[in-house]
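S.K.: Got a structure here, written out as structure tokens. Questions coming.
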Amino acid sequence: MDAFLNQTIDAYYLRIMIIIGINIILALGLNLITGVTGQLSMGHAGFMSLGAYASAILSIQLDAPFALALLGGALVAAFFGFLIGIPTLRLEGDYLAMVTIGFAEIIRVFFLNFGPGGKAVGLSGIPQNTGFTVVWLLVLVVIILNRQLLTSRVGRSFYAIRENEIAAESCGINTTRVKVLAFTVGSLLGGLGGGLYSHYMYYINPQDFGFMKSIELLNMVVLGGMGSIPGTIIGVVLLTSLPEMLRIVDEYRLLFYGALLVILMIFRPNGLLGDVRIYDIKKWWGKKGGRGT
Amino acid sequence: MNILEMTKISEEFGGLRAVDNVSLSVLPREILGIIGPNGAGKTTLFNIITGIYVPTEGQLLFKERRIDGLAPHDIARLGIARTFQNIRLFGKLSVLDNVRVGRYGVTRSGFWSGLLRLPGGRREEKETELRAIELLELVGLADKRHEYAQYLAYGEQRRLEIVRALALDPSLLLLDEPGAGMNAGEKEELMAFVRSIRDQLELTIILVEHDMNLVMNICERIAVLNYGRKIAEGTPAQVKNDEQVIQSYLGAGV
Amino acid sequence: MKGRFIKRTALLLCMMMVFSLLGGCASNQQTPQQGAPAAGDKIKLGFLGALTGSVANYGIPGQKGMQMAIDELNAEGGILGKQVEGIYYDNKGESSEIANITTKYITVDKVSALIGDPTTGLTKVAADIAQKNKMVIFSSGATGAGVVEIGDYVFRNTLLDTVAAPVVVDWMINDKGWQNLAVITSNNNGYSTALTPIFKQAITEQGGTIIAEDTINDGETDFSAQVTKLKNAGADALVFTGYYTEAALIMNEAQKKGLDITMVGGDGLYGQDLAKLGGTAVEEKVVFYAGFSTDQPSPETAKFLTDYRAKFNEDPDMFSAQYYDAVMIIAKAMTDANSTDPSVYKAELAKLTDYPGVSGVTTFRADREPTKSPVCLLTVKGETFPALLDKLPVEVK
Amino acid sequence: MFWEQLLNGLTLGSSYALIALGYTMVYGIIQLINFAHGEVYMFGAFVGLFLVTAGANIFVALLGAMAFCMLLGMLIERVAYRPLRGKSTRLSALISAIGVSIFLSTLMVLYRGPNTTRYPAVLGDSTFQLGSLQVSTLQIIILVIAALLMVVLELAIKKTRVGKAMRACSQDLEASKLMGVNVNRIISLTFATGSALAAAGGVMVGIYYNAVWPYMGTMAGLKAFAAAVLGGIGSVPGAMIGGLSLGVLEIMGIAYLSSSYKDAIAFAILILVLIIRPQGLLGQKLSKKV
């Protein structure tokens with residue numbers, strides 16, 4: 001499959017599509033934490049780096065098969081998501097955001113001093129196992145499972161916590177536990193994305209997973225739509241492909257990112273598609289076309 | 001046997017006694033009203049019963065079980081449901097989903113069941129949906145089940161909040177100013193509705209309310225709070241004629 | 001109603017923004033496609049380097065050097081009768097960016113060679129992609145280990161740390177008599193963490209003693225604690241393996257604390273900002289090695305210097321010289337091989353011997369690693385930066 | 001060496017403290033982590049640099065930078081936060097703040113380039129021995145200016161009308177509105193005050209460390225926030241104590257443990273404080289409003 005694609009599609013576009021796929025997995029993880037459950041995480045790149053390093057080390061040092069390395073990376077990230085989630089998710093929103101930034105920074109500093117990860121030099125020679133097929137198969141699986149989860153009893157409780165924590169408690173939801181769950185699953189996806197990333201990039205370095213990377217991922221979730229799967233995907237596609245197309249005005253990219261966040265928050269705080277549902281679109285069409293419901 | 005037994009409950013916030021040594025018993029299937037001026041500690045009492053605050057002193061028995069110190073979600077699961085003074089709906093969830101979340105405490109299917117759509121969870125989902133629609137029909141919101149809760153009219157939101165509380169299949173329902181912001185006609189409907197759910201669902205209901213008329217009409221018993229203390233308790237007629245109540249609260253107003 | 005109007009308008013604006021961006025990109029994409037049929041007329045060279053971000057200080061002069069080489073080639077009729085075109089994308093010093101850009105150069109822009117990147121880590125990312133696509137990559141600054149080992153399409157033209165550091169340590173211990181040395185590493189700088197062990201090994205092998213070791217981080221400004229420690233250690237000299245910004249700030253702090261010590265480092269200290277930031281604190285107090293010096297008396301360097309000053313109204317640095325040389329060496333290899341096909345001209349490239357570049361004389365060894373001689377010891381003297389302190393010959397092994 | 005390191009720590013800490021003050025004031029009133037605060041500090045440093053380079057006296061430059069940042073702070077509040085107030089969640093406000101932060105630092109990069117710029121040595125520096133301790137006059141000047149600004153702030157908040165209104169707003173925004181306080185104006189003034197202090201911090205850091213660069217605000221801002229939390233967010237003396245102790249802890253960490261983990265120290269402290277004592281050293285415990 002990959003061989004066929006390599007021959008038919010230009011390597012550059014194939015590359016962008018693979019990156020989009022990886023970013024979708026990462027962003028859907030963050031969407032679960034921030035978009036759906038309403039817990040602002042600004043350290044998603046930290047979990048990504050945990051997955052990236054853990055899976056890379058499994059591959060290089062232990063010659064683990066790719067699937068196992070990915071799983072290992074994802075589980076390590078999930079474990080740390082769980083660990084940091086237990087004490088901190090009782091904190092109020094913005095405090096939690098600060099803790100996630102701090103945690104991601106601590107992870108970065110840890111990898112800067114971590115011998116097996118090559119310290120600041122980074123880790124190279126990671127087998128390039130990630131290909132188009134693997135990425136997009138995983139994207140498909142992640143989207144389907146995400147959807148199933150979010151339309152289930154537990155998934156609805158994620159949204160309930162975002163909407164009103166006290167009311168959620170009064171409905172019998174153990175909000176701390178559910179938040180830790182969302183955080184763990186989100187981190188797991190972060191780790192999975194990280195593993196795919198490191199096995200695609202061949203070389204990783206602690207500085208790849210800095211604060212700006214977390215913000216970039218947050219931007220994707222916020223732009224497309226907080227809590228919406230299609231919205232998140234649109235956000236990823238736009239923010240991954242636009243900079244590629246806009247190489248000329250590259251220096252202004254961050255300026256644009258910053259302004260975008262402010263403008264969105266003022267006018268569409270839930271993102272482009274955050275509160276748009278298929279039901280609403282249908283209704284809107286019905287009215288427009290005069291067909292009625 | 002009392003369904004709820006409060007013994008010498010006090011709550012202090014930084015030296016201020018919001019609730020002061022209140023003892024109160026609630027009988028099964030009665031409608032109990034709690035009245036008192038602003039800041040008398042009515043909502044605080046609700047927050048204590050539902051576990052949001054832990055009482056500084058005193059103890060709380062629900063069906064002969066200690067519940068003070070339990071987390072709000074655990075108390076909810078025991079069958080105590082509530083509404084809020086300032087409506088707390090899940091605005092960006094559909095009406096139906098609001099009620100479905102309301103059933104969280106009485107359903108069981110977990111993470112894996114939802115993630116992988118296991119048969120047990122699917123069965124439960126179906127039951128949840130049926131029950132939710134049934135409840136929505138009770139208050140005439142079934143047609144609007146796909147709307148976002150935040151786009152409902154005010155009165156509809158009040159009704160939805162009660163329905164969400166009922167979805168928990170509670171044995172004790174706490175209503176915090178259910179009639180706030182309603183006109184006379186709507187209040188009439190509300191009273192009828194509260195009575196009917198009590199009878200149909202065999203509920204015990206405690207309500208906090210400002211509207212004397214409403215309270216006197218539907219409550220079988222009334223407790224009066226002032227500055228955190230319980231100053232009177234009895235039937236509407238008894239309370240209406242209580243010297244202390246007239247002096248400190250009803251005063252010239254009634 | 002008003003709120004709704006504002007919301008609608010905002011939505012419209014957002015959509016317009018997105019569409020205009022998409023429109024803009026559509027027109028951008030036209031360029032390479034329109035250029036594609038004409039690809040036969042021009043030889044394209046892809047620039048790898050950061051134009052923004054924290055390592056832009058290496059990329060920006062590099063871009064100028066590369067641009068100058070291309071202009072000169074074109075003025076003399078180009079390579080093999082074809083005009084040369086440089087394409088410059090900014091990789092911001094990020095590995096994901098350089099990976100995308102490298103692929104784009106190769107598959108979309110269809111370049112004939114890649115020039116850059118100035119840092120080791122990013123060069124490795126690009127080299128891996130270039131090797132797989134059979135594209136020559138010529139790094140002009142990657143000094144660390146494990147670069148040319150990636151494959152036979154990977155070259156670099158720079159003074160290797162493993163070559164230069166022992167020579168400099170020899171100068172410190174034997175010429176200067178500095179026996180007791182302190183070493184400071186920039187912990188979040190891959191160049192620095194790779195260079196430190198090379199220095200340490202050379203020091204131990206040549207009989208010196210490391211009496212204190214410490215770390216800093218790039219991007220910090222407060223080094224008071226490290227300098228206080230250093231002051232109490234009483235070392236003869238300080239080896240600092242990081243970049244020039246932090247070097248200048250460390251020396252500033254040392255001056256403030258009344259610590260009189262000489263700092264010795266690698267070519268990471270080579271940046272105009274060392275003198276600008278350090279002022280009197282670095283004057284004749286910082287010594288570093290490089291393969292390039294503006295004081296080098298070779299005619300090539302002198303001409304380059306004059307032309308560069310005329311063109312950009314500033315002094316060139318090591319990176320402008322190395323990018324310039326890289327383009328010229330590639331041009332020579334293409335001419336000698338009479339082909340712009342990387343798989344053909346790379347053989348000529350590997351044979352390069354005693355090439356008199358503006359950044360020193362270069363020979364590629366059998367393993368394609370460059371040997372450059374001499375090692376220039378540079379320092380800051382008054383207004384001149386860098387000033388040549390000494391030239392140390394390198395024995396070609 | 002201990003005393004010299006302590007002095008280093010206090011100098012570093014006083015810059016954290018000045019930035020932390022702005023955080024704590026804004027947070028105290030509208031519960032917003034003003035993420036752009038670090039960038040205001042950076043702008044302060046640069047404005048001071050421009051003025052000094054243009055030949056202004058250092059105190060004129062300090063005041064000029066403070067005045068500029070006052071306006072900048074008010075502008076940020078007006079453009080990016082006020083439209084959100086009361087309408088959206090705190091999450092939205094925080095994201096908007098991050099947007100402003102990115103916007104401002106990129107703006108400076110576009111204008112000045114990413115390089116570090118030297119700050120001219122405007123205050124003649126000399127060192128003198130104090131026993132075995134070597135003290136630089138600059139360190140003394142910075143500590144004194146920082147202390148002075150903090151005392152003035154504390155007095156202003158306690159004694160003046162506006163200060164009292166600020167305290168009222170931090171207790172209860174709604175009630176203050178009902179009491180006739182022009183809440184928008186008070187919030188605006190809070191931003192102005194906090195930003196001016198950050199600017200002072202920026203200029204002083206520039207002078208002391210001889211260097212400014214466009215990304216200096218990000219990490220300093222995060223650290224200062226950690227300092228504010230450590231001291232007890234919303235408390236002015238807390239911000240001072242938090243800033244100073246964080247500076248000393250970091251320096252002592254480098255001096256006696258390892259400098260490799262310097263950045264981790266501040267964040268580890270932040271996380272520990274939030275978990276163990278979320279109200280910080282001097283903050284008051286707030287109960288949830290239901």
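So you can find residues: chains in the structure tokens are A, B, ... in the order shown, residues in each start at 1, and ligands are numbered from 1 in order.
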Please find the residues of chain D near chain C - the criterion being any atom within 6 Å, counting only C-alpha atoms - and write them as a ChimeraX atom specification.
M.R.: /D:118,251,255,259-260
S.K.: Please identify every residue of chain B that has at least one atom no farther than 10 Å from an atom of chain D, counting only C-alpha atoms, and for each give the shortest atom pair and the distance in Å to one decimal, arranged by chain then increasing number, as CSV.
M.R.:
residue,atom,partner,partner_atom,distance
B:Phe13,CA,D:Ser287,CA,8.2
B:Gly14,CA,D:Lys285,CA,9.4
B:Thr43,CA,D:Val290,CA,8.7
B:Thr44,CA,D:Val290,CA,8.8
B:Asn47,CA,D:Val290,CA,8.1
B:Ile52,CA,D:Val290,CA,8.5
B:Tyr53,CA,D:Lys288,CA,9.3
B:Phe84,CA,D:Val290,CA,8.7
B:Gln85,CA,D:Val290,CA,9.1
B:Asn86,CA,D:Val290,CA,8.9
S.K.: Skip Tyr23 (chain D) itself and residues of its chain fewer than 2 positions away, then list as a ChimeraX atom specification all residues within 9 Å of it, counting only C-alpha atoms.
M.R.: /D:19-21,25-28,32-35,37,194,221,224-225,228,233-234,239
S.K.: For the residues selected in the previous step, produce a file with all heavy atoms as a tab-separated table (two decimals), in the first residue's frame.
M.R.:
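again.tsv, freshly written:
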chain	number	residue	atom	x	y	z
D	19	ILE	N	7.36	41.27	38.54
D	19	ILE	CA	6.43	40.74	37.53
D	19	ILE	C	5.25	40.08	38.23
D	19	ILE	O	4.10	40.23	37.82
D	19	ILE	CB	7.12	39.74	36.60
D	19	ILE	CG1	8.46	40.29	36.13
D	19	ILE	CG2	6.25	39.46	35.39
D	19	ILE	CD1	9.26	39.31	35.32
D	20	ALA	N	5.55	39.37	39.31
D	20	ALA	CA	4.49	38.63	40.01
D	20	ALA	C	3.42	39.58	40.54
D	20	ALA	O	2.24	39.20	40.61
D	20	ALA	CB	5.10	37.82	41.15
D	21	LEU	N	3.81	40.80	40.90
D	21	LEU	CA	2.82	41.75	41.43
D	21	LEU	C	1.69	41.99	40.44
D	21	LEU	O	0.52	42.00	40.81
D	21	LEU	CB	3.51	43.08	41.76
D	21	LEU	CG	4.29	43.07	43.06
D	21	LEU	CD1	5.09	44.34	43.19
D	21	LEU	CD2	3.34	42.92	44.23
D	25	MET	N	-2.24	41.08	41.10
D	25	MET	CA	-3.28	42.11	41.14
D	25	MET	C	-4.41	41.78	40.18
D	25	MET	O	-5.59	41.85	40.53
D	25	MET	CB	-2.68	43.47	40.77
D	25	MET	CG	-1.77	44.03	41.84
D	25	MET	SD	-1.01	45.56	41.29
D	25	MET	CE	-2.43	46.63	41.25
D	26	VAL	N	-4.03	41.42	38.96
D	26	VAL	CA	-5.06	41.11	37.96
D	26	VAL	C	-5.85	39.88	38.38
D	26	VAL	O	-7.07	39.85	38.32
D	26	VAL	CB	-4.42	40.91	36.57
D	26	VAL	CG1	-5.42	40.33	35.61
D	26	VAL	CG2	-3.88	42.23	36.05
D	27	TYR	N	-5.12	38.88	38.84
D	27	TYR	CA	-5.83	37.65	39.23
D	27	TYR	C	-6.76	37.92	40.40
D	27	TYR	O	-7.87	37.40	40.46
D	27	TYR	CB	-4.84	36.54	39.59
D	27	TYR	CG	-5.50	35.19	39.62
D	27	TYR	CD1	-5.50	34.39	38.49
D	27	TYR	CD2	-6.18	34.74	40.75
D	27	TYR	CE1	-6.14	33.18	38.48
D	27	TYR	CE2	-6.82	33.52	40.74
D	27	TYR	CZ	-6.80	32.74	39.61
D	27	TYR	OH	-7.44	31.54	39.60
D	28	GLY	N	-6.29	38.74	41.31
D	28	GLY	CA	-7.11	39.05	42.48
D	28	GLY	C	-8.45	39.64	42.09
D	28	GLY	O	-9.46	39.37	42.73
D	32	LEU	N	-8.11	36.13	36.28
D	32	LEU	CA	-7.56	35.80	34.98
D	32	LEU	C	-6.05	35.73	35.09
D	32	LEU	O	-5.43	36.64	35.63
D	32	LEU	CB	-7.96	36.86	33.95
D	32	LEU	CG	-7.19	36.82	32.62
D	32	LEU	CD1	-7.67	35.65	31.79
D	32	LEU	CD2	-7.37	38.11	31.84
D	33	ILE	N	-5.46	34.63	34.60
D	33	ILE	CA	-4.01	34.59	34.49
D	33	ILE	C	-3.67	35.40	33.26
D	33	ILE	O	-3.90	34.97	32.13
D	33	ILE	CB	-3.49	33.16	34.35
D	33	ILE	CG1	-3.86	32.34	35.57
D	33	ILE	CG2	-1.99	33.16	34.16
D	33	ILE	CD1	-3.44	30.91	35.49
D	34	ASN	N	-3.17	36.60	33.46
D	34	ASN	CA	-2.87	37.47	32.33
D	34	ASN	C	-1.59	37.00	31.68
D	34	ASN	O	-0.50	37.46	31.99
D	34	ASN	CB	-2.74	38.91	32.79
D	34	ASN	CG	-2.38	39.83	31.66
D	34	ASN	OD1	-2.49	39.44	30.50
D	34	ASN	ND2	-1.96	41.03	31.98
D	35	PHE	N	-1.76	36.06	30.76
D	35	PHE	CA	-0.60	35.42	30.16
D	35	PHE	C	0.30	36.39	29.44
D	35	PHE	O	1.48	36.16	29.28
D	35	PHE	CB	-1.09	34.35	29.18
D	35	PHE	CG	-0.45	33.07	29.41
D	35	PHE	CD1	-1.01	32.15	30.27
D	35	PHE	CD2	0.76	32.77	28.83
D	35	PHE	CE1	-0.39	30.97	30.53
D	35	PHE	CE2	1.40	31.58	29.10
D	35	PHE	CZ	0.81	30.68	29.94
D	37	HIS	N	1.30	39.10	30.41
D	37	HIS	CA	2.03	39.94	31.35
D	37	HIS	C	3.54	39.86	31.13
D	37	HIS	O	4.24	40.87	31.20
D	37	HIS	CB	1.67	39.55	32.78
D	37	HIS	CG	2.08	40.56	33.79
D	37	HIS	ND1	1.59	41.83	33.81
D	37	HIS	CD2	2.97	40.49	34.81
D	37	HIS	CE1	2.15	42.49	34.81
D	37	HIS	NE2	2.99	41.70	35.43
D	194	GLY	N	-0.20	47.12	37.22
D	194	GLY	CA	0.59	45.89	37.11
D	194	GLY	C	1.58	45.98	35.96
D	194	GLY	O	2.74	45.58	36.08
D	221	GLY	N	7.67	35.22	32.72
D	221	GLY	CA	6.26	35.31	33.07
D	221	GLY	C	5.79	34.06	33.78
D	221	GLY	O	5.11	34.12	34.82
D	224	ALA	N	7.29	33.99	37.20
D	224	ALA	CA	6.68	34.97	38.08
D	224	ALA	C	5.31	34.49	38.52
D	224	ALA	O	4.90	34.70	39.67
D	224	ALA	CB	6.56	36.31	37.37
D	225	PHE	N	4.61	33.83	37.62
D	225	PHE	CA	3.31	33.30	38.03
D	225	PHE	C	3.49	32.26	39.12
D	225	PHE	O	2.76	32.23	40.12
D	225	PHE	CB	2.55	32.70	36.85
D	225	PHE	CG	1.20	32.19	37.26
D	225	PHE	CD1	0.16	33.07	37.44
D	225	PHE	CD2	1.00	30.85	37.54
D	225	PHE	CE1	-1.07	32.62	37.86
D	225	PHE	CE2	-0.23	30.39	37.97
D	225	PHE	CZ	-1.27	31.28	38.12
D	228	ALA	N	3.94	34.05	42.21
D	228	ALA	CA	2.69	34.60	42.74
D	228	ALA	C	1.87	33.52	43.43
D	228	ALA	O	1.29	33.74	44.50
D	228	ALA	CB	1.88	35.24	41.62
D	233	ILE	N	-1.83	33.74	45.63
D	233	ILE	CA	-2.25	34.63	44.56
D	233	ILE	C	-3.33	35.59	45.05
D	233	ILE	O	-4.19	35.23	45.83
D	233	ILE	CB	-2.69	33.83	43.32
D	233	ILE	CG1	-2.70	34.73	42.10
D	233	ILE	CG2	-4.03	33.15	43.53
D	233	ILE	CD1	-2.15	34.08	40.90
D	234	GLY	N	-3.22	36.83	44.62
D	234	GLY	CA	-4.15	37.85	45.08
D	234	GLY	C	-3.56	38.68	46.21
D	234	GLY	O	-4.09	39.72	46.56
D	239	ALA	N	3.14	38.13	46.77
D	239	ALA	CA	3.89	38.15	45.51
D	239	ALA	C	5.35	38.50	45.76
D	239	ALA	O	6.25	37.93	45.16
D	239	ALA	CB	3.26	39.15	44.54
S.K.: According to DSSP computed on the backbone, where in region 166-292 of chain A is there alpha helix (DSSP H)? Give the residues as a PyMOL selection string.
M.R.: chain A and resi 166-170+175-201+211-224+229-245+253-267+278-289
S.K.: So which bits of region 67-253 of chain A end up strand (DSSP E or B) when you DSSP the backbone, as a ChimeraX atom specification?
M.R.: /A:123-124,203-204
S.K.: Keeping N, CA and C atoms, export the residues of the selection given above as a JSON list (two decimals), in the first residue's frame.
M.R.:
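Saved the output as part-v5.json:
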[["chain", "number", "residue", "atom", "x", "y", "z"],
["A", 123, "LEU", "N", 17.75, 12.20, 19.83],
["A", 123, "LEU", "CA", 17.83, 10.78, 19.56],
["A", 123, "LEU", "C", 17.67, 10.61, 18.06],
["A", 124, "SER", "N", 18.66, 9.99, 17.40],
["A", 124, "SER", "CA", 18.46, 9.77, 15.97],
["A", 124, "SER", "C", 18.59, 8.30, 15.66],
["A", 203, "TYR", "N", 14.41, 11.47, 13.83],
["A", 203, "TYR", "CA", 15.24, 12.18, 14.80],
["A", 203, "TYR", "C", 14.33, 13.00, 15.71],
["A", 204, "ILE", "N", 14.52, 12.91, 17.03],
["A", 204, "ILE", "CA", 13.77, 13.77, 17.94],
["A", 204, "ILE", "C", 14.72, 14.43, 18.93]]
S.K.: Taking only residues of chain D that have an atom at most 7 Å from an atom of chain A, what is each one's shortest atom pair and its distance in Å to one decimal, using only C-alpha atoms, in chain and number order, as CSV?
M.R.:
residue,atom,partner,partner_atom,distance
D:Ile33,CA,A:Asp94,CA,7.0
D:Ala80,CA,A:Val262,CA,6.1
D:Pro83,CA,A:Ile266,CA,6.3
D:Leu84,CA,A:Ile266,CA,5.9
D:Leu91,CA,A:Leu40,CA,6.9
D:Ser92,CA,A:Met265,CA,5.6
D:Ile95,CA,A:Leu261,CA,6.6
D:Ser96,CA,A:Val262,CA,4.4
D:Gly99,CA,A:Gly258,CA,3.9
D:Val100,CA,A:Gly258,CA,5.8
D:Ile102,CA,A:Gly258,CA,5.0
D:Phe103,CA,A:Gly258,CA,4.5
D:Thr106,CA,A:Leu255,CA,5.7
D:Leu107,CA,A:Leu255,CA,6.8
D:Tyr261,CA,A:Val109,CA,6.4
D:Ala264,CA,A:Ile106,CA,4.9
D:Phe267,CA,A:Gly102,CA,4.8
D:Ile271,CA,A:Val99,CA,5.8
D:Ile275,CA,A:Pro87,CA,6.3
S.K.: Quick one: which residues from chain C are at most 7 Å off chain A, using only C-alpha atoms, as a PyMOL selection string?
M.R.: chain C and resi 7+10+25+89+94-95+103-104+107-108+121+125+187-191+193-194
S.K.: List as a PDB file with all heavy atoms, in the first residue's frame the protein and nucleic acid residues near Gln61 (chain A), meaning an atom at most 12 Å away when only C-alpha atoms are counted, but skip any in the same chain fewer than 5 places from it.
M.R.:
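This is the output file out.pdb:
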ATOM      1  N   TYR A  53       9.624   9.526  22.977  1.00  0.00           N
ATOM      2  CA  TYR A  53      10.870   8.983  23.509  1.00  0.00           C
ATOM      3  C   TYR A  53      10.722   7.525  23.921  1.00  0.00           C
ATOM      4  O   TYR A  53      11.567   6.699  23.599  1.00  0.00           O
ATOM      5  CB  TYR A  53      11.343   9.816  24.707  1.00  0.00           C
ATOM      6  CG  TYR A  53      12.243  10.947  24.303  1.00  0.00           C
ATOM      7  CD1 TYR A  53      11.727  12.212  24.094  1.00  0.00           C
ATOM      8  CD2 TYR A  53      13.599  10.754  24.112  1.00  0.00           C
ATOM      9  CE1 TYR A  53      12.549  13.262  23.708  1.00  0.00           C
ATOM     10  CE2 TYR A  53      14.431  11.786  23.726  1.00  0.00           C
ATOM     11  CZ  TYR A  53      13.909  13.043  23.536  1.00  0.00           C
ATOM     12  OH  TYR A  53      14.719  14.063  23.147  1.00  0.00           O
ATOM     13  N   ALA A  54       9.632   7.226  24.645  1.00  0.00           N
ATOM     14  CA  ALA A  54       9.482   5.857  25.131  1.00  0.00           C
ATOM     15  C   ALA A  54       9.448   4.884  23.961  1.00  0.00           C
ATOM     16  O   ALA A  54      10.146   3.863  23.962  1.00  0.00           O
ATOM     17  CB  ALA A  54       8.218   5.743  25.973  1.00  0.00           C
ATOM     18  N   SER A  55       8.671   5.219  22.926  1.00  0.00           N
ATOM     19  CA  SER A  55       8.570   4.274  21.808  1.00  0.00           C
ATOM     20  C   SER A  55       9.892   4.211  21.050  1.00  0.00           C
ATOM     21  O   SER A  55      10.307   3.136  20.620  1.00  0.00           O
ATOM     22  CB  SER A  55       7.426   4.680  20.884  1.00  0.00           C
ATOM     23  OG  SER A  55       7.690   5.936  20.323  1.00  0.00           O
ATOM     24  N   ALA A  56      10.571   5.351  20.911  1.00  0.00           N
ATOM     25  CA  ALA A  56      11.845   5.345  20.190  1.00  0.00           C
ATOM     26  C   ALA A  56      12.870   4.500  20.928  1.00  0.00           C
ATOM     27  O   ALA A  56      13.600   3.716  20.314  1.00  0.00           O
ATOM     28  CB  ALA A  56      12.355   6.773  20.022  1.00  0.00           C
ATOM     29  N   ALA A  69       6.140  -0.949  20.241  1.00  0.00           N
ATOM     30  CA  ALA A  69       6.770   0.314  20.610  1.00  0.00           C
ATOM     31  C   ALA A  69       5.724   1.411  20.734  1.00  0.00           C
ATOM     32  O   ALA A  69       5.728   2.190  21.691  1.00  0.00           O
ATOM     33  CB  ALA A  69       7.821   0.698  19.558  1.00  0.00           C
ATOM     34  N   PRO A 116      19.916   8.080  27.987  1.00  0.00           N
ATOM     35  CA  PRO A 116      19.447   7.204  26.903  1.00  0.00           C
ATOM     36  C   PRO A 116      18.682   7.948  25.807  1.00  0.00           C
ATOM     37  O   PRO A 116      18.534   7.443  24.699  1.00  0.00           O
ATOM     38  CB  PRO A 116      18.518   6.225  27.635  1.00  0.00           C
ATOM     39  CG  PRO A 116      18.956   6.249  29.050  1.00  0.00           C
ATOM     40  CD  PRO A 116      19.465   7.638  29.309  1.00  0.00           C
ATOM     41  N   GLY A 117      18.197   9.165  26.108  1.00  0.00           N
ATOM     42  CA  GLY A 117      17.494   9.932  25.085  1.00  0.00           C
ATOM     43  C   GLY A 117      18.421  10.867  24.341  1.00  0.00           C
ATOM     44  O   GLY A 117      17.972  11.698  23.571  1.00  0.00           O
ATOM     45  N   LEU A 123      17.750  12.195  19.830  1.00  0.00           N
ATOM     46  CA  LEU A 123      17.830  10.778  19.556  1.00  0.00           C
ATOM     47  C   LEU A 123      17.665  10.606  18.056  1.00  0.00           C
ATOM     48  O   LEU A 123      16.673  11.040  17.480  1.00  0.00           O
ATOM     49  CB  LEU A 123      16.681  10.102  20.308  1.00  0.00           C
ATOM     50  CG  LEU A 123      16.757   8.626  20.596  1.00  0.00           C
ATOM     51  CD1 LEU A 123      18.017   8.301  21.362  1.00  0.00           C
ATOM     52  CD2 LEU A 123      15.542   8.207  21.399  1.00  0.00           C
ATOM     53  N   GLY A 125      18.266   7.954  14.434  1.00  0.00           N
ATOM     54  CA  GLY A 125      18.322   6.557  14.049  1.00  0.00           C
ATOM     55  C   GLY A 125      17.105   5.767  14.485  1.00  0.00           C
ATOM     56  O   GLY A 125      17.157   4.548  14.627  1.00  0.00           O
ATOM     57  N   ILE A 126      16.002   6.459  14.690  1.00  0.00           N
ATOM     58  CA  ILE A 126      14.764   5.753  15.015  1.00  0.00           C
ATOM     59  C   ILE A 126      14.238   5.130  13.727  1.00  0.00           C
ATOM     60  O   ILE A 126      14.166   5.816  12.698  1.00  0.00           O
ATOM     61  CB  ILE A 126      13.710   6.731  15.579  1.00  0.00           C
ATOM     62  CG1 ILE A 126      14.298   7.522  16.745  1.00  0.00           C
ATOM     63  CG2 ILE A 126      12.452   5.997  15.996  1.00  0.00           C
ATOM     64  CD1 ILE A 126      13.521   8.769  17.082  1.00  0.00           C
ATOM     65  N   PRO A 127      13.902   3.838  13.751  1.00  0.00           N
ATOM     66  CA  PRO A 127      13.427   3.215  12.504  1.00  0.00           C
ATOM     67  C   PRO A 127      12.203   3.950  11.959  1.00  0.00           C
ATOM     68  O   PRO A 127      11.287   4.292  12.694  1.00  0.00           O
ATOM     69  CB  PRO A 127      13.094   1.790  12.925  1.00  0.00           C
ATOM     70  CG  PRO A 127      13.044   1.794  14.406  1.00  0.00           C
ATOM     71  CD  PRO A 127      13.946   2.886  14.857  1.00  0.00           C
TER      72      PRO A 127
END
S.K.: For chain B, which residues have at least one atom within 10 Å of chain A, if we go by only C-alpha atoms? Write them as number ranges by chain, please.
M.R.: B: 50-52, 71-84, 87-93, 97-117, 121-122, 124-125, 128, 146-148, 161, 164-168
S.K.: Go through B:Ile205, B:Glu189, B:Arg131, B:Ser94 one by one, measure the shortest atom-to-atom distance of each to Asp143 (chain B) using only C-alpha atoms, and give the residue with the smallest value.
M.R.: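 When distances to Asp143 (chain B) are compared using only C-alpha atoms, the smallest one comes from B:Ser94.
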S.K.: Provide the CA of Asp41 (chain C) to CA of Lys82 (chain C) distance in Å, to one decimal place.
M.R.: 5.9 Å
